[in-house]
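With mmCIF, C-alpha atoms inside, this is final_15.cif:
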data_protein
loop_
_atom_site.label_atom_id
_atom_site.label_comp_id
_atom_site.auth_asym_id
_atom_site.auth_seq_id
_atom_site.Cartn_x
_atom_site.Cartn_y
_atom_site.Cartn_z
CA MET A 19 -61.81 71.77 -47.00
CA GLU A 20 -60.75 68.52 -45.37
CA GLU A 21 -63.06 65.63 -44.64
CA ALA A 22 -62.29 62.90 -42.14
CA ASP A 23 -59.94 60.50 -43.93
CA GLU A 24 -61.51 57.13 -44.51
CA MET A 25 -59.72 53.99 -45.70
CA VAL A 26 -60.75 52.82 -49.15
CA THR A 27 -59.82 49.78 -51.25
CA PRO A 28 -59.65 49.39 -55.05
CA GLY A 29 -63.09 49.40 -56.59
CA GLU A 30 -64.82 51.44 -53.92
CA VAL A 31 -67.00 54.29 -55.08
CA LEU A 32 -65.55 57.66 -54.17
CA GLY A 33 -68.21 59.91 -55.63
CA LYS A 34 -69.80 61.09 -58.85
CA ALA A 35 -67.78 62.53 -61.70
CA THR A 36 -70.14 65.52 -61.75
CA ASP A 37 -69.11 66.46 -58.20
CA LEU A 38 -65.48 65.41 -58.10
CA LYS A 39 -62.43 65.09 -60.30
CA ALA A 40 -60.35 61.92 -60.20
CA GLY A 41 -56.84 62.51 -58.81
CA LYS A 42 -53.99 60.16 -57.93
CA GLY A 43 -55.21 56.67 -57.08
CA ALA A 44 -58.69 57.19 -58.49
CA TYR A 45 -60.29 57.01 -61.92
CA ALA A 46 -63.57 57.95 -63.55
CA ALA A 47 -65.58 55.20 -65.25
CA SER A 48 -67.12 56.77 -68.34
CA HIS A 49 -70.19 54.56 -68.59
CA ASN A 50 -71.80 55.66 -65.35
CA ASN A 51 -69.87 58.81 -64.47
CA THR A 52 -68.66 57.48 -61.13
CA ILE A 53 -65.23 57.88 -59.57
CA TYR A 54 -63.73 54.65 -58.24
CA ALA A 55 -60.55 54.08 -56.23
CA SER A 56 -57.75 52.18 -57.95
CA LEU A 57 -55.36 51.90 -54.97
CA THR A 58 -55.64 51.14 -51.28
CA GLY A 59 -55.26 54.14 -48.98
CA PHE A 60 -56.96 57.10 -47.45
CA ARG A 61 -59.48 59.14 -49.35
CA ARG A 62 -58.54 62.82 -49.43
CA ILE A 63 -60.30 65.73 -51.03
CA GLN A 64 -58.38 68.70 -52.27
CA ALA A 65 -59.94 72.07 -52.96
CA PRO A 66 -59.98 73.11 -56.59
CA PRO A 67 -57.33 75.60 -57.68
CA PRO A 68 -58.98 79.03 -57.62
CA ALA A 69 -57.81 80.03 -61.08
CA SER A 70 -59.30 77.15 -63.04
CA ASN A 71 -62.76 77.01 -64.61
CA ASP A 72 -63.48 73.59 -63.20
CA LYS A 73 -64.99 74.05 -59.75
CA ARG A 74 -64.88 70.40 -58.79
CA PRO A 75 -62.60 69.36 -55.90
CA THR A 76 -60.07 66.61 -56.62
CA VAL A 77 -60.35 63.32 -54.77
CA GLU A 78 -57.23 61.21 -54.37
CA VAL A 79 -56.21 58.04 -52.60
CA THR A 80 -52.86 58.32 -50.86
CA GLY A 81 -51.00 57.58 -47.72
CA HIS A 82 -50.76 53.81 -47.66
CA LYS A 83 -47.25 52.71 -46.78
CA ALA A 84 -47.01 50.44 -49.88
CA HIS A 85 -47.02 53.46 -52.17
CA GLY A 86 -43.30 53.65 -52.65
CA PRO A 87 -41.63 55.36 -55.59
CA VAL A 88 -42.05 53.73 -58.99
CA PRO A 89 -39.46 53.94 -61.79
CA GLU A 90 -40.52 56.24 -64.61
CA PRO A 91 -38.84 56.61 -68.02
CA GLY A 92 -36.04 59.10 -67.58
CA SER A 93 -35.52 58.61 -63.86
CA VAL A 94 -32.09 57.70 -62.54
CA VAL A 95 -32.12 54.50 -60.51
CA ILE A 96 -29.64 52.56 -58.40
CA ALA A 97 -29.76 48.81 -59.07
CA ARG A 98 -27.88 45.69 -58.03
CA VAL A 99 -26.84 43.38 -60.87
CA THR A 100 -28.25 39.89 -60.36
CA LYS A 101 -27.33 38.03 -63.53
CA VAL A 102 -24.96 38.66 -66.41
CA MET A 103 -25.57 36.87 -69.69
CA ALA A 104 -24.15 37.06 -73.18
CA ARG A 105 -26.24 40.00 -74.38
CA THR A 106 -28.08 41.28 -71.31
CA ALA A 107 -27.60 41.89 -67.64
CA SER A 108 -30.45 41.70 -65.12
CA ALA A 109 -30.58 44.03 -62.14
CA ASP A 110 -32.87 44.56 -59.13
CA ILE A 111 -33.84 48.24 -58.85
CA MET A 112 -33.25 49.40 -55.26
CA CYS A 113 -33.68 53.21 -55.38
CA VAL A 114 -35.48 55.61 -57.65
CA GLY A 115 -33.74 58.96 -57.37
CA PRO A 116 -33.01 59.49 -53.68
CA LYS A 117 -35.79 57.23 -52.34
CA SER A 118 -35.67 53.48 -51.91
CA VAL A 119 -38.43 51.40 -53.44
CA ARG A 120 -40.90 49.44 -51.34
CA GLU A 121 -41.40 46.55 -53.72
CA LYS A 122 -39.27 44.62 -56.16
CA PHE A 123 -38.67 46.02 -59.64
CA THR A 124 -36.48 44.23 -62.17
CA GLY A 125 -34.46 45.96 -64.83
CA ILE A 126 -32.56 44.73 -67.87
CA ILE A 127 -29.48 46.35 -69.38
CA ARG A 128 -29.06 45.30 -72.99
CA GLN A 129 -25.74 45.01 -74.77
CA GLN A 130 -26.40 48.08 -76.91
CA ASP A 131 -27.29 50.22 -73.88
CA VAL A 132 -24.15 49.62 -71.83
CA ARG A 133 -22.01 52.38 -73.28
CA ALA A 134 -22.51 55.13 -75.83
CA THR A 135 -19.44 54.65 -77.98
CA GLU A 136 -15.92 53.37 -77.64
CA ILE A 137 -15.14 56.89 -76.46
CA ASP A 138 -14.40 55.82 -72.94
CA LYS A 139 -11.53 53.65 -74.12
CA VAL A 140 -9.74 56.55 -75.80
CA ASP A 141 -7.65 59.15 -74.04
CA MET A 142 -9.43 62.34 -75.06
CA HIS A 143 -6.21 64.33 -74.94
CA LEU A 144 -4.78 62.32 -77.82
CA GLN A 145 -7.45 63.45 -80.30
CA GLN A 146 -7.58 60.23 -82.17
CA ASP A 147 -10.42 59.16 -84.39
CA VAL A 148 -13.01 57.54 -82.24
CA ARG A 149 -14.86 54.63 -83.78
CA ALA A 150 -18.43 55.81 -83.91
CA THR A 151 -20.02 52.79 -82.36
CA GLU A 152 -18.74 49.35 -81.60
CA ILE A 153 -21.60 48.95 -79.19
CA ASP A 154 -22.46 45.51 -80.48
CA LYS A 155 -19.07 44.17 -79.44
CA VAL A 156 -19.50 45.06 -75.79
CA ASP A 157 -18.58 42.10 -73.60
CA MET A 158 -21.18 42.04 -70.82
CA HIS A 159 -18.84 40.14 -68.54
CA LEU A 160 -16.24 42.93 -68.81
CA SER A 161 -18.83 45.57 -67.90
CA PHE A 162 -20.80 44.08 -65.02
CA ARG A 163 -20.62 41.18 -62.60
CA PRO A 164 -23.35 39.77 -60.35
CA GLY A 165 -23.47 41.82 -57.15
CA ASP A 166 -22.29 45.13 -58.62
CA ILE A 167 -24.21 48.28 -57.69
CA VAL A 168 -24.91 50.36 -60.80
CA ARG A 169 -26.43 53.74 -61.49
CA ALA A 170 -28.65 53.60 -64.57
CA VAL A 171 -31.39 55.55 -66.27
CA VAL A 172 -34.76 54.01 -67.10
CA LEU A 173 -35.24 53.91 -70.87
CA SER A 174 -38.79 52.61 -70.92
CA LEU A 175 -41.26 50.44 -69.09
CA GLY A 176 -39.93 47.54 -71.18
CA ASP A 177 -41.86 44.29 -71.23
CA ALA A 178 -43.91 42.48 -68.61
CA ARG A 179 -40.80 41.15 -66.92
CA ALA A 180 -38.44 44.10 -66.60
CA TYR A 181 -37.77 47.78 -67.14
CA TYR A 182 -35.18 48.62 -69.81
CA LEU A 183 -32.19 50.39 -68.25
CA SER A 184 -29.24 52.13 -69.82
CA THR A 185 -25.77 53.01 -68.56
CA ALA A 186 -24.70 54.79 -71.74
CA LYS A 187 -23.47 57.99 -70.13
CA ASN A 188 -20.30 58.92 -68.32
CA GLU A 189 -21.97 59.29 -64.94
CA LEU A 190 -23.82 55.99 -65.29
CA GLY A 191 -22.36 52.57 -64.69
CA VAL A 192 -20.83 50.62 -61.84
CA VAL A 193 -20.72 52.64 -58.65
CA SER A 194 -19.49 49.99 -56.27
CA ALA A 195 -18.22 46.46 -56.83
CA GLU A 196 -16.59 43.68 -54.87
CA SER A 197 -13.52 41.90 -56.16
CA SER A 198 -13.26 38.11 -56.25
CA ALA A 199 -11.19 38.36 -53.06
CA GLY A 200 -14.13 40.03 -51.29
CA ALA A 201 -12.88 43.62 -50.92
CA THR A 202 -14.58 46.76 -52.23
CA MET A 203 -12.71 47.82 -55.34
CA VAL A 204 -11.34 51.26 -56.15
CA PRO A 205 -12.07 52.69 -59.63
CA ILE A 206 -8.94 53.63 -61.55
CA SER A 207 -10.26 54.45 -65.02
CA TRP A 208 -13.38 54.36 -67.19
CA THR A 209 -13.07 50.62 -67.55
CA GLU A 210 -10.97 49.34 -64.66
CA MET A 211 -11.33 48.83 -60.93
CA GLN A 212 -8.61 47.54 -58.63
CA CYS A 213 -8.85 45.37 -55.55
CA PRO A 214 -6.97 46.92 -52.61
CA LEU A 215 -6.12 43.53 -51.07
CA THR A 216 -4.65 41.65 -54.02
CA GLY A 217 -3.92 44.43 -56.52
CA GLN A 218 -5.86 42.62 -59.23
CA ILE A 219 -7.51 44.77 -61.83
CA GLU A 220 -11.01 43.86 -62.96
CA LEU A 221 -12.85 45.37 -65.90
CA ARG A 222 -16.16 47.13 -65.38
CA LYS A 223 -18.12 49.98 -67.00
CA VAL A 224 -17.28 52.50 -64.28
CA ALA A 225 -19.53 55.48 -63.47
CA LYS A 226 -17.86 58.86 -63.24
CA VAL A 227 -18.39 60.14 -59.70
CA VAL A 228 -19.53 63.75 -59.91
CA ASN A 229 -18.97 65.74 -56.72
CA MET B 1 19.92 23.83 -37.12
CA GLU B 2 16.20 24.01 -36.79
CA ASN B 3 14.25 21.64 -38.92
CA LYS B 4 11.21 23.80 -39.64
CA GLN B 5 8.21 22.63 -41.59
CA SER B 6 8.77 25.59 -43.89
CA SER B 7 6.24 26.68 -46.47
CA SER B 8 8.77 26.91 -49.27
CA PRO B 9 7.24 26.02 -52.61
CA ALA B 10 9.37 22.96 -53.16
CA SER B 11 7.89 21.21 -50.15
CA PHE B 12 4.30 21.31 -51.36
CA VAL B 13 4.72 20.67 -55.09
CA ASP B 14 3.54 17.18 -56.09
CA SER B 15 2.14 16.50 -52.64
CA THR B 16 -1.47 16.30 -51.58
CA VAL B 17 -3.06 19.47 -50.26
CA VAL B 18 -6.47 20.16 -48.78
CA PRO B 19 -8.51 23.37 -48.86
CA GLY B 20 -7.04 25.94 -46.51
CA ASP B 21 -3.40 24.87 -46.80
CA VAL B 22 -1.13 27.82 -47.48
CA VAL B 23 1.00 26.50 -50.27
CA LEU B 24 3.04 29.58 -51.19
CA ASP B 25 4.18 32.56 -49.20
CA LEU B 26 4.71 35.48 -51.51
CA SER B 27 6.58 37.56 -48.98
CA SER B 28 9.43 35.09 -48.97
CA MET B 29 9.81 35.01 -52.74
CA THR B 30 11.65 37.61 -54.78
CA SER B 31 9.75 39.69 -57.25
CA GLN B 32 8.56 37.35 -59.96
CA THR B 33 5.30 36.82 -61.75
CA ILE B 34 3.54 33.64 -60.74
CA LYS B 35 0.62 32.22 -62.68
CA LEU B 36 -2.06 30.58 -60.57
CA GLY B 37 -4.12 27.91 -62.20
CA GLY B 38 -7.24 26.17 -60.98
CA GLY B 39 -7.83 25.55 -57.31
CA LEU B 40 -5.56 28.28 -55.94
CA ARG B 41 -6.56 31.59 -54.40
CA GLN B 42 -4.66 34.65 -53.33
CA ASP B 43 -5.21 36.30 -49.92
CA CYS B 44 -2.83 39.25 -49.82
CA ASP B 45 0.55 37.49 -49.52
CA ALA B 46 -0.49 33.89 -49.01
CA ILE B 47 -1.56 31.55 -51.77
CA SER B 48 -3.92 28.97 -50.38
CA ALA B 49 -5.58 25.88 -51.83
CA MET B 50 -9.29 25.81 -52.57
CA LYS B 51 -9.53 22.24 -53.83
CA ALA B 52 -8.23 18.97 -52.44
CA GLY B 53 -5.70 17.42 -54.79
CA THR B 54 -2.06 17.43 -55.81
CA LEU B 55 -0.19 20.69 -56.19
CA ARG B 56 1.64 20.81 -59.51
CA PHE B 57 4.26 23.18 -60.80
CA SER B 58 5.51 23.69 -64.32
CA LYS B 59 8.43 25.88 -65.30
CA PRO B 60 8.79 28.74 -65.29
CA ASN B 61 6.04 29.93 -63.00
CA LYS B 62 2.76 28.01 -63.20
CA TYR B 63 1.12 26.44 -60.16
CA TRP B 64 -2.15 24.56 -60.12
CA ILE B 65 -4.03 21.86 -58.25
CA GLU B 66 -4.86 18.64 -60.01
CA SER B 67 -7.75 16.54 -58.83
CA SER B 68 -10.29 14.22 -60.30
CA GLN B 69 -13.99 14.79 -59.98
CA LYS B 70 -17.18 13.53 -61.52
CA ARG B 71 -18.47 17.05 -62.11
CA TYR B 72 -16.86 19.29 -64.67
CA VAL B 73 -16.01 22.98 -64.21
CA PRO B 74 -15.97 24.63 -67.63
CA CYS B 75 -12.65 26.11 -68.71
CA VAL B 76 -11.83 28.08 -71.87
CA GLU B 77 -10.37 26.06 -74.77
CA ASP B 78 -11.37 22.67 -73.33
CA THR B 79 -12.71 20.09 -75.77
CA ILE B 80 -15.77 18.37 -74.39
CA LEU B 81 -18.62 16.06 -75.29
CA GLY B 82 -22.04 17.63 -74.88
CA ILE B 83 -25.58 16.35 -75.26
CA VAL B 84 -28.26 18.54 -76.86
CA VAL B 85 -31.07 19.21 -74.41
CA ASP B 86 -33.06 21.92 -76.16
CA SER B 87 -32.85 24.35 -79.03
CA LYS B 88 -33.79 28.02 -78.80
CA ALA B 89 -33.85 30.79 -81.37
CA ASP B 90 -30.21 31.77 -81.07
CA ASN B 91 -28.50 28.79 -79.55
CA PHE B 92 -28.72 25.16 -78.58
CA LEU B 93 -28.79 24.23 -74.89
CA ILE B 94 -26.15 21.60 -74.22
CA ASP B 95 -25.64 19.51 -71.12
CA ILE B 96 -21.91 19.39 -70.35
CA LYS B 97 -21.94 17.82 -66.86
CA GLY B 98 -21.22 21.20 -65.35
CA PRO B 99 -23.05 23.58 -63.01
CA ALA B 100 -24.92 25.29 -65.87
CA MET B 101 -26.09 24.45 -69.39
CA GLY B 102 -23.77 25.40 -72.20
CA PHE B 103 -25.01 27.62 -75.01
CA LEU B 104 -24.01 26.62 -78.54
CA PRO B 105 -24.82 29.48 -80.94
CA VAL B 106 -26.61 28.24 -84.07
CA LEU B 107 -24.03 30.01 -86.21
CA ALA B 108 -20.98 28.50 -84.52
CA PHE B 109 -20.31 26.02 -87.33
CA GLU B 110 -18.00 26.14 -90.31
CA GLY B 111 -19.84 28.04 -93.03
CA GLY B 112 -22.76 28.57 -90.71
CA THR B 113 -25.35 31.11 -91.84
CA ARG B 114 -28.96 31.77 -90.94
CA ARG B 115 -30.01 29.66 -93.94
CA ASN B 116 -28.23 26.42 -93.08
CA ILE B 117 -28.77 26.07 -89.34
CA PRO B 118 -28.20 22.44 -88.36
CA LYS B 119 -31.10 20.61 -86.82
CA PHE B 120 -30.00 18.54 -83.86
CA GLU B 121 -32.45 16.24 -82.16
CA VAL B 122 -32.62 16.24 -78.39
CA GLY B 123 -30.03 13.70 -77.26
CA THR B 124 -27.49 14.25 -80.03
CA LEU B 125 -23.89 13.85 -78.84
CA LEU B 126 -21.58 16.65 -79.98
CA TYR B 127 -17.82 17.17 -79.80
CA LEU B 128 -17.39 20.82 -78.81
CA ARG B 129 -14.93 23.47 -77.75
CA VAL B 130 -15.50 25.86 -74.84
CA VAL B 131 -15.23 29.47 -76.00
CA LYS B 132 -16.21 31.43 -72.91
CA ALA B 133 -16.49 30.18 -69.37
CA ASN B 134 -17.13 33.02 -66.96
CA PHE B 135 -18.25 32.50 -63.42
CA GLY B 136 -22.00 32.96 -63.08
CA MET B 137 -22.73 32.91 -66.80
CA ASN B 138 -23.62 29.94 -68.96
CA PRO B 139 -20.54 28.75 -70.85
CA GLU B 140 -20.44 29.49 -74.57
CA LEU B 141 -19.48 26.62 -76.85
CA SER B 142 -18.53 26.23 -80.49
CA CYS B 143 -18.29 23.58 -83.17
CA THR B 144 -15.29 25.20 -84.85
CA ASP B 145 -11.71 25.69 -83.79
CA ALA B 146 -10.27 29.13 -83.13
CA SER B 147 -9.75 29.84 -86.83
CA GLY B 148 -13.28 28.89 -87.85
CA LYS B 149 -12.63 25.46 -89.36
CA ALA B 150 -14.75 22.46 -88.46
CA ALA B 151 -11.74 20.32 -87.42
CA GLU B 152 -13.50 17.17 -86.07
CA PHE B 153 -16.02 19.14 -83.99
CA GLY B 154 -19.69 18.41 -84.44
CA PRO B 155 -22.07 15.48 -84.00
CA LEU B 156 -20.72 11.98 -83.31
CA LYS B 157 -22.64 9.27 -85.09
CA ASP B 158 -23.11 5.67 -83.90
CA GLY B 159 -20.70 4.39 -81.30
CA TYR B 160 -21.15 4.30 -77.54
CA MET B 161 -20.67 7.03 -74.95
CA PHE B 162 -19.83 6.39 -71.31
CA GLU B 163 -18.94 8.65 -68.40
CA THR B 164 -15.67 8.78 -66.51
CA SER B 165 -14.06 11.11 -64.00
CA THR B 166 -12.31 14.26 -65.19
CA GLY B 167 -8.96 12.88 -64.05
CA LEU B 168 -9.26 9.81 -66.24
CA SER B 169 -10.20 12.00 -69.24
CA ARG B 170 -7.05 14.03 -68.77
CA LYS B 171 -4.95 10.86 -68.51
CA LEU B 172 -6.43 9.53 -71.74
CA LEU B 173 -5.52 12.74 -73.52
CA SER B 174 -2.01 13.05 -72.15
CA SER B 175 1.01 12.60 -74.35
CA PRO B 176 2.82 10.24 -74.61
CA THR B 177 -0.18 8.00 -75.18
CA CYS B 178 -1.70 6.51 -72.09
CA PRO B 179 -0.75 2.79 -71.67
CA VAL B 180 -4.28 1.42 -71.84
CA LEU B 181 -4.98 3.11 -75.18
CA GLU B 182 -1.66 1.99 -76.59
CA ALA B 183 -2.22 -1.61 -75.54
CA LEU B 184 -5.73 -1.62 -77.00
CA GLY B 185 -4.58 0.05 -80.21
CA LYS B 186 -2.04 -2.70 -80.86
CA LYS B 187 -4.71 -5.37 -81.15
CA LEU B 188 -7.97 -3.60 -81.99
CA SER B 189 -9.00 -0.85 -84.34
CA PHE B 190 -11.46 1.69 -82.98
CA GLU B 191 -12.29 5.36 -82.99
CA ILE B 192 -12.36 7.33 -79.76
CA ALA B 193 -13.30 10.86 -78.70
CA VAL B 194 -12.46 12.01 -75.18
CA GLY B 195 -14.20 14.96 -73.55
CA LEU B 196 -12.44 16.74 -70.70
CA ASN B 197 -15.80 16.91 -68.95
CA GLY B 198 -15.72 13.20 -68.17
CA ARG B 199 -17.37 11.69 -71.24
CA VAL B 200 -15.76 9.24 -73.67
CA TRP B 201 -17.18 8.05 -76.99
CA VAL B 202 -15.97 4.87 -78.69
CA ASN B 203 -16.86 3.53 -82.11
CA ALA B 204 -15.69 0.35 -83.82
CA ALA B 205 -16.79 -2.10 -86.49
CA SER B 206 -18.23 -4.66 -84.09
CA PRO B 207 -20.05 -4.19 -80.76
CA ASP B 208 -17.67 -6.65 -79.05
CA THR B 209 -14.74 -4.35 -79.72
CA ILE B 210 -16.64 -1.37 -78.41
CA VAL B 211 -17.52 -3.16 -75.18
CA VAL B 212 -13.95 -4.33 -74.60
CA VAL B 213 -12.53 -0.87 -75.19
CA ALA B 214 -15.09 0.75 -72.90
CA ASN B 215 -14.53 -1.75 -70.10
CA ALA B 216 -10.75 -1.48 -70.40
CA ILE B 217 -10.87 2.30 -70.09
CA MET B 218 -13.27 2.23 -67.16
CA ASN B 219 -11.09 -0.29 -65.33
CA SER B 220 -7.89 1.68 -65.86
CA GLU B 221 -8.74 4.57 -63.58
CA SER B 222 -6.79 3.47 -60.53
CA LEU B 223 -4.23 1.22 -62.18
CA SER B 224 -0.62 2.08 -62.86
CA GLY B 225 0.84 1.82 -66.36
CA ALA B 226 2.10 -1.72 -66.04
CA GLN B 227 -1.10 -2.89 -64.38
CA GLN B 228 -3.12 -1.34 -67.21
CA ILE B 229 -1.23 -3.38 -69.81
CA ILE B 230 -1.78 -6.58 -67.84
CA MET B 231 -5.49 -5.79 -67.48
CA VAL B 232 -5.86 -5.16 -71.21
CA ASP B 233 -4.09 -8.39 -72.10
CA HIS B 234 -6.41 -10.25 -69.75
CA LEU B 235 -9.53 -8.75 -71.34
CA LEU B 236 -8.36 -9.39 -74.88
CA LYS B 237 -7.55 -13.01 -74.10
CA ASN B 238 -11.15 -13.54 -73.10
CA ILE B 239 -12.57 -12.47 -76.40
CA GLN B 240 -10.07 -14.07 -78.70
#

So, in terms of structure tokens, how does the structure I just supplied come out?
Amino acid sequence: MEEADEMVTPGEVLGKATDLKAGKGAYAASHNNTIYASLTGFRRIQAPPPASNDKRPTVEVTGHKAHGPVPEPGSVVIARVTKVMARTASADIMCVGPKSVREKFTGIIRQQDVRATEIDKVDMHLQQDVRATEIDKVDMHLSFRPGDIVRAVVLSLGDARAYYLSTAKNELGVVSAESSAGATMVPISWTEMQCPLTGQIELRKVAKVVN
Amino acid sequence: MENKQSSSPASFVDSTVVPGDVVLDLSSMTSQTIKLGGGLRQDCDAISAMKAGTLRFSKPNKYWIESSQKRYVPCVEDTILGIVVDSKADNFLIDIKGPAMGFLPVLAFEGGTRRNIPKFEVGTLLYLRVVKANFGMNPELSCTDASGKAAEFGPLKDGYMFETSTGLSRKLLSSPTCPVLEALGKKLSFEIAVGLNGRVWVNAASPDTIVVVANAIMNSESLSGAQQIIMVDHLLKNIQ
């Protein structure tokens, strides 16, 4: 059953908790059993699933164009590196999964989350002993540069300033980078990219492109 | 025979170039490795200048552009004079007259451990070495040499610090000894520390000596060797 959609703003009363269940964009205040909106958007009522015991319809607030995707722990994001420092690199998250975000999210890649082990420096065919972890010796400047596009996974919501991101998998890392001469570089190994104009090789943590 | 203004390397070395001049044409040179120093940039086959200055060449294959500025661009292994601006948990923030603050890790001292972290007041002058200087990142500094020994690095007590251009700092550090320092050293005894970032520190027993040394160095920027000696003699006559 669909009612005429009306525009609501955060704090508006949507109904009583005895009649309705709070869905996306709404919440129930326990002290007076009322459902309030927590986002701006259109109020929509959805019929209750027939199999459940709870006969209350769900009310949700959706549809406003500012409701873009939000990074969640475990989601793969595409980010542009903004700043590289001694032990961290900052990045602006541009896409969550296949969708681009509508507002700015900042992520941080810490030194210990750049790569899993030294395994990507060893030729796997040679079967040498791989040092378990030298992850604290990662040189951030040899993994990322400002302006690189990286694929990373969200580790956690992090602190108030930024999400914590990780590139510690083969398919994560730098996807596209520009050389100091200004040309888009071609990846040639796990750790190197080459500029097609000057032939210079620059070091990055390169993401394995899976077709 | 045509007299072309050819772009062969010999014609540009030791002459003044401005940004945009193509100083080397790689297609006309046989296969050799060339090392490009500061101020030069490669665009496919042409090496062009990015800074205004004099193109210099040193055997076997190093080219670079020398110029003198007031601002310093941090370079690895340079010895500089920095001033403490702030101290954070892991490092001191140091002003080095460059585009960004330098970071001096609190452990970057001989025998430095978490228990004996030095306490530097804001404004302390330090003699430092640049460890890492990557574009876009704050340079990392150290108070030890490459092997971990203190070797003269660290705070400079007393004395007087004044600022110069980077070109004058390099001249003061060149060997054989620069004429102005040699002339001053013959008559006066003083201690001097030169930072490649355009800062010089002088210390001596009496303030008169310090002032004479500082003035002599500041005057010597545009003088030739012989003129420097004459200038120093003139200054010393006035105080004796």

Residues of chain B that approach chain A to 7 Å or less, counting all atoms listed in the file: could you list each one with the shortest pair of atoms and its distance in Å to one decimal, rows by chain and increasing residue number, as JSON lines?
{"residue": "B:Asp43", "atom": "CA", "partner": "A:Thr216", "partner_atom": "CA", "distance": 6.8}
{"residue": "B:Cys44", "atom": "CA", "partner": "A:Thr216", "partner_atom": "CA", "distance": 5.2}
{"residue": "B:Met137", "atom": "CA", "partner": "A:Met103", "partner_atom": "CA", "distance": 5.7}

* How many Å lie between CA of Arg114 (chain B) and CA of Ile126 (chain A), rounded to one decimal? -> 26.7 Å

List as a tab-separated table every residue of region 16-78 of chain B that is in contact with region 168-174 of chain B, defined as an atom at most 12 Å from one of its atoms (using all atoms listed in the file), together with the nearest atom pair and the distance in Å rounded to one decimal, sorted by chain and then rising number.
residue	atom	partner	partner_atom	distance
B:Glu66	CA	B:Arg170	CA	10.1
B:Ser67	CA	B:Leu168	CA	10.1
B:Ser68	CA	B:Leu168	CA	7.5
B:Gln69	CA	B:Leu168	CA	9.3
B:Lys70	CA	B:Leu168	CA	9.9
B:Tyr72	CA	B:Ser169	CA	10.9
B:Asp78	CA	B:Arg170	CA	10.7

* Spell out the residues picked by the PyMOL selection byres ((chain A and resi 204) around 10) here, as a list of chain:residue names. => A:Val193, A:Ser194, A:Ala195, A:Glu196, A:Ser197, A:Ala201, A:Thr202, A:Met203, A:Pro205, A:Ile206, A:Ser207, A:Glu210, A:Met211, A:Gln212, A:Cys213, A:Pro214, A:Ile219

Output the selection as a compact mmCIF listing (two decimals), keeping the file's coordinate frame - C-alpha atoms for each residue.
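Wrote it out as result_8.txt, contents follow:
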# COMPACT_ATOMS: atom_id res chain seq x y z
CA VAL A 193 -20.72 52.64 -58.65
CA SER A 194 -19.49 49.99 -56.27
CA ALA A 195 -18.22 46.46 -56.83
CA GLU A 196 -16.59 43.68 -54.87
CA SER A 197 -13.52 41.90 -56.16
CA ALA A 201 -12.88 43.62 -50.92
CA THR A 202 -14.58 46.76 -52.23
CA MET A 203 -12.71 47.82 -55.34
CA PRO A 205 -12.07 52.69 -59.63
CA ILE A 206 -8.94 53.63 -61.55
CA SER A 207 -10.26 54.45 -65.02
CA GLU A 210 -10.97 49.34 -64.66
CA MET A 211 -11.33 48.83 -60.93
CA GLN A 212 -8.61 47.54 -58.63
CA CYS A 213 -8.85 45.37 -55.55
CA PRO A 214 -6.97 46.92 -52.61
CA ILE A 219 -7.51 44.77 -61.83

* To do: Apply the PyMOL selection byres ((chain A and resi 89) around 12) to the structure shown and report the selected residues as an NGL selection string.
  => :A and (86-88 or 90-97 or 110-125 or 170-176 or 180-183)

Taking the file as I've supplied it (selection: the PyMOL selection byres ((chain B and resi 80) around 10)), which residues are included? Please answer as a PDB file with C-alpha atoms, keeping the file's coordinate frame.
ATOM      1  CA  TYR B  72     -16.860  19.290 -64.670  1.00  0.00           C
ATOM      2  CA  PRO B  74     -15.970  24.630 -67.630  1.00  0.00           C
ATOM      3  CA  GLU B  77     -10.370  26.060 -74.770  1.00  0.00           C
ATOM      4  CA  ASP B  78     -11.370  22.670 -73.330  1.00  0.00           C
ATOM      5  CA  THR B  79     -12.710  20.090 -75.770  1.00  0.00           C
ATOM      6  CA  LEU B  81     -18.620  16.060 -75.290  1.00  0.00           C
ATOM      7  CA  GLY B  82     -22.040  17.630 -74.880  1.00  0.00           C
ATOM      8  CA  ILE B  96     -21.910  19.390 -70.350  1.00  0.00           C
ATOM      9  CA  LYS B  97     -21.940  17.820 -66.860  1.00  0.00           C
ATOM     10  CA  LEU B 126     -21.580  16.650 -79.980  1.00  0.00           C
ATOM     11  CA  TYR B 127     -17.820  17.170 -79.800  1.00  0.00           C
ATOM     12  CA  LEU B 128     -17.390  20.820 -78.810  1.00  0.00           C
ATOM     13  CA  ARG B 129     -14.930  23.470 -77.750  1.00  0.00           C
ATOM     14  CA  VAL B 130     -15.500  25.860 -74.840  1.00  0.00           C
ATOM     15  CA  LEU B 141     -19.480  26.620 -76.850  1.00  0.00           C
ATOM     16  CA  PHE B 153     -16.020  19.140 -83.990  1.00  0.00           C
ATOM     17  CA  SER B 169     -10.200  12.000 -69.240  1.00  0.00           C
ATOM     18  CA  ALA B 193     -13.300  10.860 -78.700  1.00  0.00           C
ATOM     19  CA  VAL B 194     -12.460  12.010 -75.180  1.00  0.00           C
ATOM     20  CA  GLY B 195     -14.200  14.960 -73.550  1.00  0.00           C
ATOM     21  CA  LEU B 196     -12.440  16.740 -70.700  1.00  0.00           C
ATOM     22  CA  ASN B 197     -15.800  16.910 -68.950  1.00  0.00           C
ATOM     23  CA  GLY B 198     -15.720  13.200 -68.170  1.00  0.00           C
ATOM     24  CA  ARG B 199     -17.370  11.690 -71.240  1.00  0.00           C
ATOM     25  CA  VAL B 200     -15.760   9.240 -73.670  1.00  0.00           C
TER      26      VAL B 200
END
